[in-house]
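**Q** I have a structure here, written as structure tokens, and I will follow up with some questions on it.
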Amino acid sequence: MFKNDRPGYTDLASAQERELEIMVSDEFARLMSKAVITMYSAILHEAPDAQFSHMASGAVTQDNRNPEQVYRRMLAMLTQLSDRAQQVETSDHPLAQLIRRGEKKRIVIGANGGAKEIIVPAVEFIDSGVSEFAQYLREILEASRGMVEYGHNFRFQMQQFQSGVDQGGTPNLFLKQVAAHAKRELPSERLDTISRLDHTGELVEAARMKYASKFQQLFSAREWRRTPDLVIRELMRSDTRLEEEIRGELEEQYGDTVEPWLLSWAYTMARTEFMGIDFGYHQTTSYADPNLDKDGKPTFTAEDAYQAILNFGDDAMRLQIKPVLLAGAMWAPVLYDWRQWRFNHDDVERIGKRSFQDSFKMGKLAKMGTPIEGYDLYMELGNKLTRRGGFFTNSGSALTGTYQEWIRDVLDPGSDGKKMAYSRDSLAQGWKCLENIGVDVLRNYFETFALGEIKDGTSMSDKAPEPSEKYVTAMKGLAGFLWDRYVEPNNDIAKTAFGDAPVDSKGSFVNYVGEILTSGGTEYKLRRKELMSRVYAGIEAIMIFEQLPSTYLTIEKRRVSEYGVLLSERIRSSITAPTGQAAEFERTYGVDSTDEEQWFRWYRTAVADLAFVEEALRMATSKEMDQILLEQGNLYGNLDNTRSSIRQGKGNRIDIDYIEQTLRARFTASTRITPEERDRRIKATLLLYSRLKEQVGHVPTVSDVLSNKAIAALGDKKKLADIDDKTIRKEQAARYAAILEKAQSGRMNSPIGWLAGGIQDGTFGFSLTSQTIPLRYLHMSASGSDTISKTALQTASTAELQYRMGGFSLWGGAKKALGALGKDPEEAFKAIFEYVNAAKGPSSDYLDSATVGTVGLAYLDLFQLFLRQDDKYARSVPARIDYEAKDKKRSFSDNTVADGAKLPASMGIYEQHALGIAATESGVLPYYKSANGEQWRTLNLNHPTLSRIPGLKNYLARHVRVRDFAREQSAESRGRAHSASEREYELYVYLPFLLLFFANFIFGAIKNGIKELKIG
């Protein structure tokens, strides 16, 4: 069973002796961690009202000793033992007959892409003398204390910020303090040491998953709103009710099989990993909306600023007052090509505000039929702009080296692990080697190695290099494997997960991938990376359903849902809507489904039980991975098989049988539940899962969409006739028609298609699956010693950017620019650039240039938008005279007042172009002429006349790609996106009339021709 290289270990007795040695070695390691948990138990569950070292120095152990003194004494004894043993040990000395977990040197690719040598902690055991063994125990002792200390200090810094101790601080202060703690207390080497310990295994993984799923369940039950009672009373106490529930579940489920200290260890480690490595608390709370009412309007109830640490638009969403919104510009779409829309700032604000507030009732369809369809508003950026957060959200190239050990056999040996040795099976084999570690690793693998040869395609340029034949063969081989492993077995749900990709057969799926990579047509050439990423997103959505099906129920919030009716509501309707079914449901479960409280208690219990099955699957998978590693040297099993050896060849996936088997084993072992209740809960979870599986691939129909009363009301002719404003009446009719057309044409997303789209476009802004990654299978030290510290600094820098650019300081920068604008536009430009550069500057050390550039561009764009004059005023002399005569507002900035005087706005066509050029000269934007920075998008036709031609808009969106100047970072693009040329403007205004004239002329000619034919 164990690999033994030492002479004499060839018979069964020797193997048993070796196994005994391993047990003894692990027991010593357990004693180190047990000592730490026991010593510091007095402060582990107290409110952290001081840093760890201070509280620990004042605490006492059970025998009235100071834990810090005991800890230092233990370290000294181990050091002394190691030094003394080293003096007497020789290779054949009896003291050299111990064993410990081993290590080996490996060359890996580090976070900066360069090759370096690291020490890789190993799962195997190696021979060891007392001196080395004592050093090994010392490392475990230090690492165990480091994890406990970091977890404590993380919570302390949270409460310090929450209580207002750091007066005047911005949200970044908290995470910068965290970064300092991580650098000192949790270097990657310690994380590796801890994660390899025998007692830091499946139980910690289960507890970490409990944290993630229960946080999501908690917010889901409140429609993803951060109400003050939730934030302060529920999440900010030392042991919140949620955490007490997690501890209680661990004790109930595993208390009879493990020692109490080990439960405390698992709970403490999981909390530290979830909070301090995944940043799970902050990622989850940032995805939640502020405490707005059901229509998305502000409630003006206070929240602590750091709750929004990853949410750029949080202040604007919560407060919705003019200074914060730059007089309404925050309601505008982000990085928008304004040549698509005749700019009128009142219309922009009105339509943006209405679509935002309607999204709380209609989901994504709130923008259908409007010029901003498909665009985010500045108001609702969230973490979408930067996708920053914990390590697995923000890892990038840093993650690549951590799993490189497992795919070494498929890499090009001459590239130091930088490249794949492409062959028909190489990409698929690499995927298999990593599959059971987790989704985040597979995503990084796909982006790094599977998209490796089309990285230049990120420029979206038609000059991108052609991929090699070997690469295309390997990609098609991977596509074939993905079909066999994920698509075909889940065909009932997978068929709607891939957008336009064909999934009717394996051949068509594989050929589609090949066509993306080899087609010479501009349609594919410009979109290779985008289309391949969509294929991957579909696969990830399937993986999430296989391993974490409850995510589909907990992560959906109405504002970003497909049409404003939640999946949980559809499931409830499918279970209980018909009278007979409702009655049967009540007889079976004793629950009146019309009673909201009874229904949700039943539903939440079933979701929680489904989440338990997910935890059990992760624990079972990890346990089997250890056995497979010992027997076959990989984490998959037979690499020739389509599915892993996990669960007797079924793979790492949940199904009906596994749910029943797992819950029956759990409830049968429990003395806290009757047989009748056990059977009811198992039936409830099976029913929930089966209905979820039915719904997850269902594409909403017209009747589904119209079940949303807010959408149906748009088409109510009586209510439509009551609207006095002709413009609003036309807009509402257009929205309703567009929604109906989308539903009728089958272009709505199923829940799995919705999740896949959200994964690709960053809707969630954080990893949905980081809690399932077993750290013991990664070599975190390969990502650099300061991995967690750097992650915290990067996230802190994001928080700083959002606070400086998106918070109240935005108004300070605007006032300075406005004050200069009426006197000298160039001075106003300088003021704007000073503001943008000042906001970007402190972040540049920790954020990559692409992120800083994207954020800087977005807020420069917001300033241009804020100062932009209405098109009609800027281009029409009569309109200008009329505006000025009636003292009408000409721009967003015209709505502002500073120092008692109205501030002028004078940025018409030419000033907008001048601003772009000045931005380049000031260094805010790069200047380029090549195609390297080009961005492309689908044509979203919002022309008020042409967009009414049936089918034209849909056809153009599918087949025509145009330059996306709004997302390009150059002087040229700024001018083009914000101000069409005179000729473009005239074409926009007069093209419909010209088309109608020619249509009328042609129709007249045909008519005359027919008359002549008749006469003849």
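Residues are named by chain letter and number: chains run A, B, ... in the order of the structure tokens, numbers start at 1 in each chain, and ligands are numbered from 1 in the order shown.
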Can you tell me, as JSON, numbers by chain, what residues are no more than 9 Å from segment 37-45 of chain A when counting only C-alpha atoms, ignoring any on the same chain fewer than 6 positions away?

**A** {"A": [52, 55, 56, 59, 60, 61, 62, 66, 67, 68, 70, 71, 144, 145, 148, 152, 238, 239, 261, 262, 264, 265, 268]}

**Q** With only C-alpha atoms as the counted atoms, please give the residues lying no more than 9 Å from Asn837 of chain A, apart from itself and same-chain residues fewer than 4 positions off, as JSON, numbers by chain.

**A** {"A": [832, 833, 841, 856, 923, 924]}

**Q** Env of Leu292 of chain A: 10 Å cut, atoms = only C-alpha atoms, seq-sep filter 5 positions within chain, self excluded. Answer as a PyMOL selection string.

**A** chain A and resi 225-227+297-301+317-319+357+360

**Q** I want to know what sits within 12 Å of Gly762 of chain A, based on only C-alpha atoms, with residues of the same chain fewer than 6 positions away left out; could you give that as a list in words?

**A**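 Here the answer would be Tyr287, Asp376, Leu381, Gly382, Asn383, Lys384, Leu385, Thr386, Arg387, Arg388, Thr393, Ala537, Val560, Trp754, Leu755, Ala756 and Leu768 of chain A.
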
**Q** Using only C-alpha atoms, find the one residue out of A:Ser195, A:Ser533, A:Asn344, A:Ser891 that sits nearest to Ala266 of chain A.

**A**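 Of A:Ser195, A:Ser533, A:Asn344, A:Ser891, the one nearest Ala266 of chain A, counting only C-alpha atoms, is A:Ser195.
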
**Q** For atom CA of Lys322 of chain A and atom CA of Asp295 of chain A, quote the distance in Å rounded to one decimal.

**A** 19.0 Å

**Q** Which is closest to Gly276 of chain A among A:Pro578, A:Gly389, A:Gly313, A:Gly352, if we use only C-alpha atoms?

**A**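 Smallest distance to Gly276 of chain A is found for A:Gly389.
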
**Q** Which is closer to Arg937 of chain A than all the others in A:Lys210, A:Glu676, A:Tyr375, A:Gln51, using only C-alpha atoms?

**A**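 Counting only C-alpha atoms, the residue closest to Arg937 of chain A is A:Tyr375.
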